[in-house]
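Visitor: Have a peek at query23.cif (mmCIF, C-alpha atoms).
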```cif
data_coords
#
loop_
_atom_site.label_atom_id
_atom_site.label_comp_id
_atom_site.auth_asym_id
_atom_site.auth_seq_id
_atom_site.Cartn_x
_atom_site.Cartn_y
_atom_site.Cartn_z
CA MET A 280 158.02 54.07 76.80
CA ASP A 281 154.24 53.67 76.31
CA ARG A 282 153.68 56.99 78.05
CA ASP A 283 150.64 58.07 76.03
CA LEU A 284 148.77 54.81 76.55
CA LEU A 285 149.66 54.69 80.24
CA GLU A 286 148.37 58.22 80.72
CA LYS A 287 145.17 57.47 78.80
CA MET A 288 144.50 54.49 81.08
CA PHE A 289 145.01 56.69 84.13
CA HIS A 290 142.56 59.28 82.84
CA ALA A 291 140.03 56.55 82.00
CA ALA A 292 140.27 55.32 85.59
CA VAL A 293 139.81 58.86 86.93
CA ALA A 294 136.86 59.57 84.61
CA GLN A 295 135.08 56.44 85.84
CA ALA A 296 135.31 57.76 89.42
CA GLN A 297 133.99 61.28 88.78
CA PRO A 298 131.26 62.11 91.31
CA ALA A 299 128.80 63.93 89.03
CA LEU A 300 127.14 60.91 87.42
CA ALA A 301 127.60 58.64 90.44
CA VAL A 302 125.87 61.04 92.85
CA ARG A 303 122.85 61.40 90.57
CA GLN A 304 122.45 57.63 90.45
CA HIS A 305 122.32 57.25 94.24
CA LEU A 306 120.13 60.04 95.56
CA PRO A 307 118.27 59.21 98.79
CA GLY A 308 114.54 59.73 99.15
CA LYS A 309 113.37 63.21 100.14
CA PRO A 310 112.41 63.82 103.78
CA LYS A 311 109.33 65.44 105.29
CA GLY A 312 111.59 67.91 107.07
CA ARG A 313 114.90 69.61 106.31
CA THR A 314 117.80 68.33 104.19
CA ILE A 315 121.27 69.05 105.57
CA VAL A 316 124.40 68.16 103.63
CA ILE A 317 127.70 67.45 105.38
CA GLY A 318 130.89 65.94 104.07
CA ALA A 319 134.65 65.75 103.96
CA GLY A 320 137.33 64.54 101.59
CA LYS A 321 139.24 65.36 98.44
CA ALA A 322 136.19 64.66 96.24
CA SER A 323 133.55 66.06 98.60
CA ALA A 324 133.24 69.51 96.97
CA GLN A 325 132.62 67.93 93.57
CA MET A 326 130.09 65.59 95.19
CA ALA A 327 128.38 68.60 96.77
CA ARG A 328 128.09 70.43 93.47
CA ALA A 329 126.69 67.33 91.77
CA LEU A 330 124.16 66.92 94.58
CA GLU A 331 123.02 70.55 94.31
CA GLU A 332 122.50 70.17 90.57
CA ALA A 333 120.49 66.96 90.97
CA TRP A 334 118.47 67.70 94.14
CA ALA A 335 114.93 69.02 93.59
CA GLY A 336 114.27 70.85 96.82
CA PRO A 337 115.81 73.09 99.47
CA LEU A 338 119.02 72.09 101.22
CA THR A 339 121.82 73.61 103.26
CA GLY A 340 125.13 72.27 104.41
CA LEU A 341 128.87 72.36 104.98
CA VAL A 342 131.56 70.32 103.27
CA VAL A 343 135.34 70.36 103.91
CA THR A 344 137.88 69.62 101.20
CA ARG A 345 141.62 70.02 100.70
CA TYR A 346 143.14 73.36 99.70
CA GLY A 347 142.85 73.77 95.95
CA TYR A 348 140.04 71.20 95.62
CA GLY A 349 137.07 73.52 96.11
CA GLU A 350 134.00 74.00 93.92
CA THR A 351 131.39 76.75 93.66
CA CYS A 352 128.09 75.80 95.30
CA GLU A 353 124.99 77.92 95.87
CA HIS A 354 123.54 76.39 99.03
CA ILE A 355 126.32 74.19 100.45
CA GLU A 356 129.27 75.99 102.01
CA ILE A 357 132.65 74.68 100.89
CA VAL A 358 135.55 75.06 103.32
CA GLU A 359 139.14 74.26 102.36
CA ALA A 360 141.59 72.91 104.93
CA ALA A 361 144.96 71.17 105.20
CA HIS A 362 145.79 67.57 104.31
CA PRO A 363 147.49 65.26 105.31
CA VAL A 364 148.29 67.10 108.57
CA PRO A 365 145.20 68.99 109.82
CA ASP A 366 145.08 72.72 110.44
CA GLU A 367 142.85 75.19 112.28
CA ALA A 368 140.50 75.63 109.31
CA GLY A 369 139.58 71.95 109.47
CA PHE A 370 139.33 72.09 113.25
CA LEU A 371 136.85 74.98 113.15
CA ALA A 372 134.85 73.39 110.32
CA ALA A 373 134.52 70.10 112.22
CA ARG A 374 133.20 71.95 115.26
CA ARG A 375 130.67 73.86 113.14
CA MET A 376 129.56 70.64 111.45
CA MET A 377 128.83 68.95 114.76
CA GLU A 378 126.79 72.00 115.83
CA MET A 379 124.92 72.06 112.51
CA VAL A 380 123.52 68.54 112.95
CA SER A 381 122.54 68.98 116.60
CA GLY A 382 118.87 69.15 117.52
CA LEU A 383 117.48 67.55 114.33
CA SER A 384 114.19 65.65 114.22
CA ALA A 385 113.20 62.25 112.87
CA ASP A 386 111.66 64.05 109.85
CA ASP A 387 115.02 65.51 108.81
CA LEU A 388 117.58 64.00 106.42
CA VAL A 389 121.36 64.34 106.60
CA ILE A 390 123.26 63.52 103.40
CA ALA A 391 126.92 62.78 104.14
CA LEU A 392 129.36 63.09 101.22
CA ILE A 393 132.49 61.20 102.22
CA SER A 394 135.69 60.58 100.28
CA GLY A 395 139.34 59.86 100.95
CA GLY A 396 141.30 62.46 102.87
CA GLY A 397 138.37 63.37 105.08
CA SER A 398 140.06 62.09 108.22
CA ALA A 399 142.66 64.89 108.24
CA LEU A 400 140.06 67.44 107.13
CA LEU A 401 137.83 66.83 110.18
CA PRO A 402 140.13 67.10 113.20
CA ALA A 403 138.19 66.92 116.46
CA PRO A 404 140.43 65.94 119.40
CA ALA A 405 139.02 63.68 122.10
CA PRO A 406 138.57 65.10 125.62
CA GLY A 407 141.98 65.59 127.22
CA LEU A 408 143.75 66.07 123.85
CA THR A 409 144.76 69.35 122.24
CA PHE A 410 144.75 70.23 118.57
CA ASP A 411 148.55 70.04 118.68
CA ASP A 412 148.19 66.48 119.97
CA GLU A 413 145.99 65.55 117.00
CA GLN A 414 148.55 66.97 114.58
CA ALA A 415 151.31 65.00 116.30
CA ILE A 416 149.21 61.81 116.16
CA ASN A 417 148.68 62.29 112.42
CA ARG A 418 152.39 62.80 111.81
CA ALA A 419 153.24 59.69 113.81
CA LEU A 420 150.73 57.59 111.85
CA LEU A 421 151.89 58.91 108.47
CA ALA A 422 155.49 58.01 109.28
CA SER A 423 154.68 54.59 110.75
CA GLY A 424 154.13 52.50 107.61
CA ALA A 425 150.87 51.17 109.10
CA PRO A 426 148.11 50.20 106.63
CA ILE A 427 145.07 52.43 106.32
CA GLY A 428 142.82 50.13 108.37
CA VAL A 429 145.20 50.30 111.30
CA MET A 430 145.61 54.06 111.01
CA ASN A 431 141.86 54.60 111.01
CA LEU A 432 141.30 52.32 114.01
CA LEU A 433 143.84 54.40 115.92
CA ARG A 434 142.48 57.75 114.71
CA ASN A 435 139.09 56.62 115.91
CA GLN A 436 140.37 56.41 119.49
CA PHE A 437 141.47 60.05 119.58
CA SER A 438 138.47 61.79 118.00
CA THR A 439 135.01 63.09 118.85
CA ILE A 440 133.78 62.97 115.23
CA LYS A 441 135.21 59.80 113.65
CA GLY A 442 133.99 56.21 113.96
CA GLY A 443 130.30 57.03 113.54
CA ARG A 444 130.25 59.80 116.14
CA LEU A 445 129.12 62.43 113.59
CA ALA A 446 126.14 60.26 112.59
CA ALA A 447 125.30 59.68 116.25
CA GLN A 448 125.16 63.46 116.68
CA CYS A 449 122.58 63.63 113.86
CA ALA A 450 120.08 61.28 115.58
CA PRO A 451 117.15 60.94 115.38
CA ALA A 452 117.50 62.29 111.82
CA ARG A 453 118.13 59.74 109.07
CA VAL A 454 121.67 59.77 107.65
CA ALA A 455 122.34 58.74 104.04
CA THR A 456 126.07 58.40 103.37
CA LEU A 457 127.48 58.44 99.83
CA VAL A 458 131.08 57.23 99.65
CA VAL A 459 133.83 57.60 97.06
CA SER A 460 136.11 54.84 98.31
CA ASP A 461 139.87 55.17 98.45
CA VAL A 462 140.54 52.19 100.72
CA PRO A 463 141.56 48.62 99.85
CA GLY A 464 138.51 46.38 99.84
CA ASP A 465 136.11 49.37 99.80
CA ASP A 466 135.03 49.10 103.44
CA PRO A 467 133.07 52.40 103.77
CA ALA A 468 133.78 52.57 107.50
CA LEU A 469 137.47 53.07 106.69
CA VAL A 470 137.00 55.95 104.25
CA ALA A 471 137.87 59.22 106.05
CA SER A 472 137.84 57.21 109.30
CA GLY A 473 134.08 56.75 108.96
CA PRO A 474 132.59 59.90 110.55
CA THR A 475 129.07 58.63 109.82
CA ILE A 476 129.80 54.89 109.87
CA PRO A 477 130.78 53.01 113.05
CA LEU A 478 134.06 51.13 112.83
CA GLY A 479 134.62 47.79 114.51
CA GLY A 480 137.75 47.18 116.57
CA SER A 481 138.42 47.41 120.26
CA ARG A 482 140.56 49.75 122.34
CA GLU A 483 142.69 46.73 123.25
CA LEU A 484 143.38 46.06 119.56
CA ALA A 485 144.31 49.71 119.06
CA ARG A 486 146.84 49.44 121.89
CA LYS A 487 148.39 46.37 120.29
CA TYR A 488 148.74 48.15 116.95
CA ALA A 489 150.30 51.20 118.60
CA THR A 490 152.94 48.89 120.08
CA LEU A 491 153.43 46.88 116.89
CA TYR A 492 154.09 49.99 114.79
CA ARG A 493 156.10 51.70 117.56
CA LEU A 494 154.02 54.86 117.45
CA ASN A 495 155.58 57.87 119.10
CA LEU A 496 152.36 59.25 120.57
CA PRO A 497 152.04 62.43 122.65
CA PRO A 498 151.72 61.77 126.41
CA HIS A 499 148.02 62.72 126.54
CA ALA A 500 147.24 60.39 123.61
CA HIS A 501 149.10 57.53 125.25
CA ALA A 502 147.19 58.09 128.49
CA LEU A 503 143.85 58.04 126.66
CA LEU A 504 144.78 54.87 124.76
CA VAL A 505 145.50 52.88 127.93
CA GLY A 506 142.14 53.89 129.45
CA GLU A 507 138.56 53.27 128.40
CA ASP A 508 137.33 56.85 127.95
CA ASN A 509 135.85 58.22 124.69
CA LEU A 510 134.84 54.79 123.36
CA ALA A 511 133.15 54.97 119.95
CA PRO A 512 129.63 53.66 119.31
CA THR A 513 129.48 50.08 118.00
CA PRO A 514 127.97 49.09 114.63
CA ASP A 515 124.94 47.50 116.32
CA ASP A 516 124.06 50.68 118.24
CA ALA A 517 120.38 51.60 117.77
CA VAL A 518 121.38 55.18 116.92
CA PHE A 519 122.39 54.01 113.42
CA ARG A 520 119.15 52.17 112.70
CA GLY A 521 117.52 53.44 109.51
CA ASN A 522 120.71 55.00 108.14
CA SER A 523 122.00 54.01 104.69
CA VAL A 524 125.46 53.72 103.12
CA ARG A 525 126.27 53.49 99.41
CA THR A 526 129.70 53.27 97.78
CA ILE A 527 129.26 55.21 94.52
CA ALA A 528 132.82 55.06 93.13
CA SER A 529 135.76 52.73 93.82
CA ALA A 530 139.11 51.49 92.58
CA ALA A 531 137.51 48.29 91.26
CA LEU A 532 135.29 50.18 88.83
CA SER A 533 138.16 52.44 87.75
CA LEU A 534 140.48 49.51 87.04
CA ASP A 535 137.76 47.93 84.91
CA ALA A 536 137.61 51.12 82.83
CA ALA A 537 141.39 51.14 82.34
CA ALA A 538 141.38 47.45 81.40
CA LYS A 539 138.70 48.07 78.76
CA LEU A 540 140.81 50.79 77.14
CA ALA A 541 143.91 48.58 77.21
CA ARG A 542 142.09 45.71 75.50
CA GLU A 543 140.88 48.09 72.81
CA ALA A 544 144.57 48.96 72.27
CA GLY A 545 145.43 45.29 71.73
CA LEU A 546 146.83 44.41 75.17
CA GLU A 547 145.88 41.56 77.43
CA ALA A 548 144.71 43.32 80.59
CA ALA A 549 145.24 41.61 83.94
CA ILE A 550 143.79 43.23 87.07
CA LEU A 551 146.00 41.88 89.84
CA SER A 552 144.00 43.40 92.70
CA ASP A 553 142.17 46.59 93.64
CA SER A 554 143.26 46.30 97.28
CA VAL A 555 147.07 46.01 97.31
CA GLU A 556 148.63 47.13 100.59
CA GLY A 557 152.12 47.01 102.06
CA GLU A 558 155.38 48.94 102.00
CA ALA A 559 155.52 50.79 98.66
CA ARG A 560 159.08 49.73 97.82
CA ASP A 561 158.28 46.07 98.58
CA VAL A 562 155.12 46.18 96.45
CA GLY A 563 157.22 47.72 93.67
CA GLN A 564 159.65 44.81 93.80
CA VAL A 565 156.82 42.27 93.65
CA HIS A 566 155.24 44.00 90.65
CA ALA A 567 158.67 44.14 88.99
CA ALA A 568 159.07 40.38 89.48
CA LEU A 569 155.73 39.75 87.76
CA ALA A 570 156.65 42.07 84.89
CA ARG A 571 160.01 40.32 84.45
CA GLU A 572 158.26 36.94 84.35
CA VAL A 573 155.95 38.15 81.59
CA ALA A 574 158.83 39.78 79.68
CA MET A 575 161.22 36.83 79.89
CA ARG A 576 158.93 33.77 80.00
CA ASN A 577 155.58 34.98 78.67
CA ARG A 578 153.82 33.87 81.84
CA PRO A 579 151.51 34.09 83.76
CA PHE A 580 150.17 36.48 81.09
CA ARG A 581 151.07 36.56 77.41
CA LYS A 582 152.67 39.62 75.84
CA PRO A 583 151.67 42.27 75.01
CA ALA A 584 150.02 42.74 78.36
CA VAL A 585 149.28 45.35 80.99
CA LEU A 586 149.31 44.57 84.70
CA LEU A 587 146.85 46.77 86.61
CA SER A 588 146.46 47.21 90.35
CA GLY A 589 144.99 49.59 92.91
CA GLY A 590 144.89 49.94 96.67
CA GLU A 591 146.98 51.96 99.07
CA THR A 592 150.60 51.26 99.87
CA THR A 593 152.50 52.91 102.69
CA VAL A 594 155.91 54.50 103.15
CA THR A 595 158.00 54.19 106.29
CA LEU A 596 160.01 57.40 106.43
CA ARG A 597 163.73 56.76 106.63
CA GLY A 598 165.14 59.85 104.94
CA LYS A 599 164.27 63.51 104.37
CA GLY A 600 163.57 63.43 100.65
CA ARG A 601 160.37 64.36 98.83
CA GLY A 602 157.84 62.04 97.31
CA GLY A 603 154.75 59.94 97.86
CA ARG A 604 153.99 56.25 97.88
CA ASN A 605 153.51 55.99 94.10
CA GLY A 606 156.88 57.54 93.38
CA GLU A 607 158.51 55.23 95.92
CA PHE A 608 156.79 52.21 94.31
CA LEU A 609 158.07 53.25 90.87
CA LEU A 610 161.62 53.95 92.00
CA ALA A 611 161.85 50.48 93.54
CA LEU A 612 160.36 48.97 90.39
CA ALA A 613 162.80 50.89 88.16
CA ILE A 614 165.75 49.55 90.13
CA ALA A 615 164.39 45.99 89.85
CA ILE A 616 163.89 46.16 86.04
CA ASP A 617 167.12 48.07 85.34
CA GLY A 618 168.26 47.30 81.79
CA LEU A 619 165.19 45.32 80.70
CA GLU A 620 163.59 46.35 77.41
CA GLY A 621 159.85 46.38 76.75
CA ILE A 622 158.62 47.28 80.24
CA SER A 623 157.09 50.66 81.07
CA ALA A 624 154.99 51.74 84.02
CA LEU A 625 152.90 54.48 85.57
CA ALA A 626 151.89 54.79 89.20
CA ALA A 627 149.77 57.71 90.37
CA ASP A 628 147.20 58.78 92.93
CA THR A 629 143.77 59.27 91.38
CA ASP A 630 143.24 62.49 93.35
CA GLY A 631 146.12 64.12 91.46
CA ILE A 632 148.49 64.46 94.42
CA ASP A 633 151.04 61.81 95.40
CA GLY A 634 152.04 62.61 98.95
CA SER A 635 152.55 66.31 99.57
CA GLU A 636 154.11 67.47 96.28
CA ASN A 637 152.44 68.74 93.09
CA ASN A 638 152.53 65.53 91.06
CA ALA A 639 149.99 62.73 90.72
CA GLY A 640 152.76 60.18 90.17
CA ALA A 641 155.48 59.32 87.66
CA PHE A 642 156.57 57.12 84.77
CA ALA A 643 159.34 54.50 84.71
CA ASP A 644 160.84 51.91 82.40
CA GLY A 645 163.89 49.69 82.07
CA GLN A 646 166.10 52.71 81.31
CA THR A 647 164.97 54.89 84.22
CA ALA A 648 167.84 53.86 86.49
CA THR A 649 170.33 54.57 83.69
CA ARG A 650 168.84 58.03 83.09
CA LEU A 651 169.05 58.77 86.81
CA ARG A 652 172.71 57.81 86.97
CA LYS A 653 173.45 60.01 83.93
CA ALA A 654 171.74 62.87 85.79
CA GLY A 655 174.08 62.30 88.73
CA ILE A 656 171.52 60.53 90.93
CA ASP A 657 172.12 57.17 92.56
CA PRO A 658 168.73 55.37 92.39
CA LEU A 659 169.40 53.30 95.49
CA ALA A 660 170.48 56.37 97.48
CA ALA A 661 167.35 58.23 96.36
CA LEU A 662 165.18 55.31 97.47
CA GLY A 663 166.98 55.18 100.81
CA ALA A 664 166.30 58.89 101.33
CA ASN A 665 162.61 58.60 100.30
CA ASP A 666 163.41 61.08 97.50
CA ALA A 667 161.41 59.63 94.60
CA TYR A 668 160.03 63.06 93.68
CA GLY A 669 163.49 64.57 93.36
CA ALA A 670 164.67 61.62 91.27
CA PHE A 671 161.80 61.65 88.76
CA GLU A 672 161.75 65.44 88.61
CA ALA A 673 165.43 65.45 87.59
CA ILE A 674 164.74 63.30 84.50
CA GLY A 675 161.39 64.82 83.54
CA ASP A 676 159.28 61.76 84.32
CA LEU A 677 156.72 63.20 86.76
CA LEU A 678 153.01 63.06 85.94
CA VAL A 679 151.38 66.37 86.91
CA THR A 680 147.59 66.62 86.51
CA GLY A 681 146.41 68.95 89.26
CA PRO A 682 143.39 68.02 91.41
CA THR A 683 141.18 65.52 89.57
CA GLY A 684 137.95 65.98 91.53
CA THR A 685 137.87 62.40 92.78
CA ASN A 686 139.86 59.96 94.89
CA VAL A 687 139.80 56.17 94.55
CA ASN A 688 143.39 55.75 95.67
CA ASP A 689 146.41 54.48 93.78
CA PHE A 690 146.46 53.48 90.12
CA ARG A 691 149.30 51.33 88.80
CA ALA A 692 149.80 50.10 85.24
CA ILE A 693 152.77 48.15 83.86
CA ILE A 694 152.93 47.46 80.12
CA VAL A 695 155.05 44.58 78.90
CA ARG A 696 155.72 44.39 75.16
#
```
Have the structure of the file written as structure tokens, please.
Guide:
Amino acid sequence: MDRDLLEKMFHAAVAQAQPALAVRQHLPGKPKGRTIVIGAGKASAQMARALEEAWAGPLTGLVVTRYGYGETCEHIEIVEAAHPVPDEAGFLAARRMMEMVSGLSADDLVIALISGGGSALLPAPAPGLTFDDEQAINRALLASGAPIGVMNLLRNQFSTIKGGRLAAQCAPARVATLVVSDVPGDDPALVASGPTIPLGGSRELARKYATLYRLNLPPHAHALLVGEDNLAPTPDDAVFRGNSVRTIASAALSLDAAAKLAREAGLEAAILSDSVEGEARDVGQVHAALAREVAMRNRPFRKPAVLLSGGETTVTLRGKGRGGRNGEFLLALAIAIDGLEGISALAADTDGIDGSENNAGAFADGQTATRLRKAGIDPLAALGANDAYGAFEAIGDLLVTGPTGTNVNDFRAIIVR
């Protein structure tokens, strides 16, 4: 297995997405009045530290990140909260953040540091909903298999902070949003459910998606969804005039960095897409089919080659196993390339956590299924139980990095010799 090279490509992708340099390159102009920093996401604390180091002038603020992802800042308060299901720490921080940006003037500047994961870290239930309702909504969405765009449209309906509402609270102050994108296609309004960026999409469309994905919503959430209360501001609302949005790191740039390293190692590097979505196991089978075609027929890319892709797949929960979408992708791929020589793969989340366990992802090759069976694990049964973590842990093929300080979503690399 090309484990060393696969891991080096992953780290090259992560290094490209580190906030420190990117934040310095996209600083907004200084205001006449105060500068307030707000933010949320798995990379937001690192963004806050980089901003403090680069900003020449006074500032204050509050940023929420996931437990274990904090940084030490002098002027910006860092709060840690739960992800992917929100907790009270995030709930209290969201309320404080809304209060912090109230009563600002047109001379003030709000810098919003937004990265993936911020949606769960800023729970703010809509009128008529409880915090327990918001937790239940999140669990229903995570288990639904819905793509991130659909999940964020629905989250937007049940919040008082998402979908541009936080930016609306800042008015008439100018809001400059810096985004580390973890969504397919890099639409900044979808990152962290867009607290400072209005998201298009109607309440009627949200209802249709709730039906399509058979969401088991709490009664109060269902009642809100069928009404027209708590509608979010629209992108053309005058309250957003004068605001700015910049995407400072993304999967596309990270895949380019990995491809450069692969070419230096003598591989043809093919970036399939930076915005792959769909059921993780199905995406794994499609990637396996492409790898088999290269291995057996030397097309559509000539060996030796690496197939690179990013984006965000989903997992529809069917069993009670452990594991995230990257592990599920790899387990399906391993089953599909069972017995083939010359194929090895890595799939991992660039934030260092795949799902809710301690691993970023895992490695697989044409002998993975055989190793699992020798360890007493049926690969198909493990996939059926959504237990990719348990499977790869049993054979020592997990990738564990700890928090990386950034988040540009999934990274997948398949080497074919």
Visitor: What are the nearest atom pairs, with distances in Å to one decimal, for all residues of region 414-480 of chain A that come at most 10 Å from region 297-311 of chain A, using all atoms listed in the file, set out by chain and rising residue number as a Markdown table?
Guide:
```
| residue | atom | partner | partner_atom | distance |
| --- | --- | --- | --- | --- |
| A:Ala452 | CA | A:Pro310 | CA | 9.6 |
| A:Arg453 | CA | A:Pro310 | CA | 8.8 |
| A:Val454 | CA | A:Pro307 | CA | 9.5 |
| A:Ala455 | CA | A:Pro307 | CA | 6.7 |
| A:Thr456 | CA | A:Pro307 | CA | 9.1 |
| A:Leu457 | CA | A:Val302 | CA | 7.6 |
| A:Val458 | CA | A:Val302 | CA | 9.4 |
| A:Val459 | CA | A:Pro298 | CA | 7.7 |
```
Visitor: Given the file above and the PyMOL selection byres ((chain A and resi 361-370) around 12), which residues are selected, and can you give them as JSON, numbers by chain?
Guide: {"A": [318, 319, 320, 321, 341, 342, 343, 344, 345, 346, 347, 348, 357, 358, 359, 360, 371, 372, 373, 374, 375, 376, 377, 395, 396, 397, 398, 399, 400, 401, 402, 403, 404, 409, 410, 411, 412, 413, 414, 415, 416, 417, 418, 419, 420, 421, 422, 438, 439, 440, 471, 603, 632, 633, 634, 635, 636]}
Visitor: Determine, counting all atoms listed in the file, which protein, DNA and RNA residues have an atom within 12 Å of an atom of Ala624 (chain A); residues of the same chain fewer than 6 positions away are not included. Present the result as a PyMOL selection string.
Guide: chain A and resi 280-286+288-289+563+566-567+570+584-588+605-606+608-613+616+640-647+676-678+690-696
Visitor: What does the distance between CA of Leu383 (chain A) and CA of Leu408 (chain A) come to in Å, to one decimal place?
Guide: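 CA of Leu383 (chain A) sits 28.0 Å away from CA of Leu408 (chain A).
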Visitor: What does the structure give for the distance between CA of Arg525 (chain A) and CA of Ala391 (chain A), in Å to one decimal?
Guide: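 One can read the CA of Arg525 (chain A) to CA of Ala391 (chain A) distance as 10.4 Å.
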Visitor: Using all atoms listed in the file, find all polymer residues with an atom at most 9 Å away from the point (143.7, 46.3, 126.3); report them as JSON, numbers by chain.
Guide: {"A": [481, 482, 483, 484, 485, 486, 487, 504, 505, 506, 507]}
Visitor: Using only C-alpha atoms, find the one residue out of A:Leu433, A:Ala541, A:Ile656, A:Val316 that sits nearest to His501 (chain A).
Guide: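 When distances to His501 (chain A) are compared using only C-alpha atoms, the smallest one comes from A:Leu433.
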Visitor: Out of A:Pro467, A:Gly382, A:Gly443, A:Gly545, which residue has the shortest atom-to-atom distance to Val518 (chain A) when counting all atoms listed in the file?
Guide: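 Closest candidate: A:Gly443.
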Visitor: Env of Glu558 (chain A): 12 Å cut, atoms = all atoms listed in the file, seq-sep filter 6 positions within chain, self excluded. Answer as a list of chain:residue names.
Guide: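 After dropping sequence-adjacent residues, the list is A:Ala422, A:Ser423, A:Gly424, A:Ala425, A:Pro426, A:Ile427, A:Gln564, A:Val565, A:Gly590, A:Glu591, A:Thr592, A:Thr593, A:Val594, A:Thr595, A:Leu596, A:Gly603, A:Arg604, A:Asn605, A:Glu607, A:Phe608, A:Ala611.
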Visitor: Could the residues in this selection be written to a file with C-alpha atoms, as a PDB file, in the coordinates of the input?
Guide:
```pdb
ATOM      1  CA  ALA A 422     155.490  58.010 109.280  1.00  0.00           C
ATOM      2  CA  SER A 423     154.680  54.590 110.750  1.00  0.00           C
ATOM      3  CA  GLY A 424     154.130  52.500 107.610  1.00  0.00           C
ATOM      4  CA  ALA A 425     150.870  51.170 109.100  1.00  0.00           C
ATOM      5  CA  PRO A 426     148.110  50.200 106.630  1.00  0.00           C
ATOM      6  CA  ILE A 427     145.070  52.430 106.320  1.00  0.00           C
ATOM      7  CA  GLN A 564     159.650  44.810  93.800  1.00  0.00           C
ATOM      8  CA  VAL A 565     156.820  42.270  93.650  1.00  0.00           C
ATOM      9  CA  GLY A 590     144.890  49.940  96.670  1.00  0.00           C
ATOM     10  CA  GLU A 591     146.980  51.960  99.070  1.00  0.00           C
ATOM     11  CA  THR A 592     150.600  51.260  99.870  1.00  0.00           C
ATOM     12  CA  THR A 593     152.500  52.910 102.690  1.00  0.00           C
ATOM     13  CA  VAL A 594     155.910  54.500 103.150  1.00  0.00           C
ATOM     14  CA  THR A 595     158.000  54.190 106.290  1.00  0.00           C
ATOM     15  CA  LEU A 596     160.010  57.400 106.430  1.00  0.00           C
ATOM     16  CA  GLY A 603     154.750  59.940  97.860  1.00  0.00           C
ATOM     17  CA  ARG A 604     153.990  56.250  97.880  1.00  0.00           C
ATOM     18  CA  ASN A 605     153.510  55.990  94.100  1.00  0.00           C
ATOM     19  CA  GLU A 607     158.510  55.230  95.920  1.00  0.00           C
ATOM     20  CA  PHE A 608     156.790  52.210  94.310  1.00  0.00           C
ATOM     21  CA  ALA A 611     161.850  50.480  93.540  1.00  0.00           C
TER      22      ALA A 611
END
```
Visitor: Return the single residue from A:Ser533, A:Ile614, A:Thr683, A:Pro583 that is closest to Pro658 (chain A), with distances computed using all atoms listed in the file.
Guide: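 When distances to Pro658 (chain A) are compared using all atoms listed in the file, the smallest one comes from A:Ile614.
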Visitor: Enumerate, as number ranges by chain, the residues matched when the PyMOL selection byres ((chain A and resi 532) around 12) is run on the file above.
Guide: A: 291-297, 301, 459-461, 465, 526-531, 533-539, 550, 552-553, 588-589, 687-688, 690
Visitor: Print the selection's residues with C-alpha atoms to a file, as a PDB file, keeping the file's coordinate frame.
Guide:
```pdb
ATOM      1  CA  ALA A 291     140.030  56.550  82.000  1.00  0.00           C
ATOM      2  CA  ALA A 292     140.270  55.320  85.590  1.00  0.00           C
ATOM      3  CA  VAL A 293     139.810  58.860  86.930  1.00  0.00           C
ATOM      4  CA  ALA A 294     136.860  59.570  84.610  1.00  0.00           C
ATOM      5  CA  GLN A 295     135.080  56.440  85.840  1.00  0.00           C
ATOM      6  CA  ALA A 296     135.310  57.760  89.420  1.00  0.00           C
ATOM      7  CA  GLN A 297     133.990  61.280  88.780  1.00  0.00           C
ATOM      8  CA  ALA A 301     127.600  58.640  90.440  1.00  0.00           C
ATOM      9  CA  VAL A 459     133.830  57.600  97.060  1.00  0.00           C
ATOM     10  CA  SER A 460     136.110  54.840  98.310  1.00  0.00           C
ATOM     11  CA  ASP A 461     139.870  55.170  98.450  1.00  0.00           C
ATOM     12  CA  ASP A 465     136.110  49.370  99.800  1.00  0.00           C
ATOM     13  CA  THR A 526     129.700  53.270  97.780  1.00  0.00           C
ATOM     14  CA  ILE A 527     129.260  55.210  94.520  1.00  0.00           C
ATOM     15  CA  ALA A 528     132.820  55.060  93.130  1.00  0.00           C
ATOM     16  CA  SER A 529     135.760  52.730  93.820  1.00  0.00           C
ATOM     17  CA  ALA A 530     139.110  51.490  92.580  1.00  0.00           C
ATOM     18  CA  ALA A 531     137.510  48.290  91.260  1.00  0.00           C
ATOM     19  CA  SER A 533     138.160  52.440  87.750  1.00  0.00           C
ATOM     20  CA  LEU A 534     140.480  49.510  87.040  1.00  0.00           C
ATOM     21  CA  ASP A 535     137.760  47.930  84.910  1.00  0.00           C
ATOM     22  CA  ALA A 536     137.610  51.120  82.830  1.00  0.00           C
ATOM     23  CA  ALA A 537     141.390  51.140  82.340  1.00  0.00           C
ATOM     24  CA  ALA A 538     141.380  47.450  81.400  1.00  0.00           C
ATOM     25  CA  LYS A 539     138.700  48.070  78.760  1.00  0.00           C
ATOM     26  CA  ILE A 550     143.790  43.230  87.070  1.00  0.00           C
ATOM     27  CA  SER A 552     144.000  43.400  92.700  1.00  0.00           C
ATOM     28  CA  ASP A 553     142.170  46.590  93.640  1.00  0.00           C
ATOM     29  CA  SER A 588     146.460  47.210  90.350  1.00  0.00           C
ATOM     30  CA  GLY A 589     144.990  49.590  92.910  1.00  0.00           C
ATOM     31  CA  VAL A 687     139.800  56.170  94.550  1.00  0.00           C
ATOM     32  CA  ASN A 688     143.390  55.750  95.670  1.00  0.00           C
ATOM     33  CA  PHE A 690     146.460  53.480  90.120  1.00  0.00           C
TER      34      PHE A 690
END
```
Visitor: Considering all atoms listed in the file, state which residue in the set A:Leu503, A:Gly428, A:Arg597, A:Leu510 is at the smallest distance from Pro463 (chain A).
Guide: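 Checking each of A:Leu503, A:Gly428, A:Arg597, A:Leu510 against Pro463 (chain A), counting all atoms listed in the file, the winner is A:Gly428.
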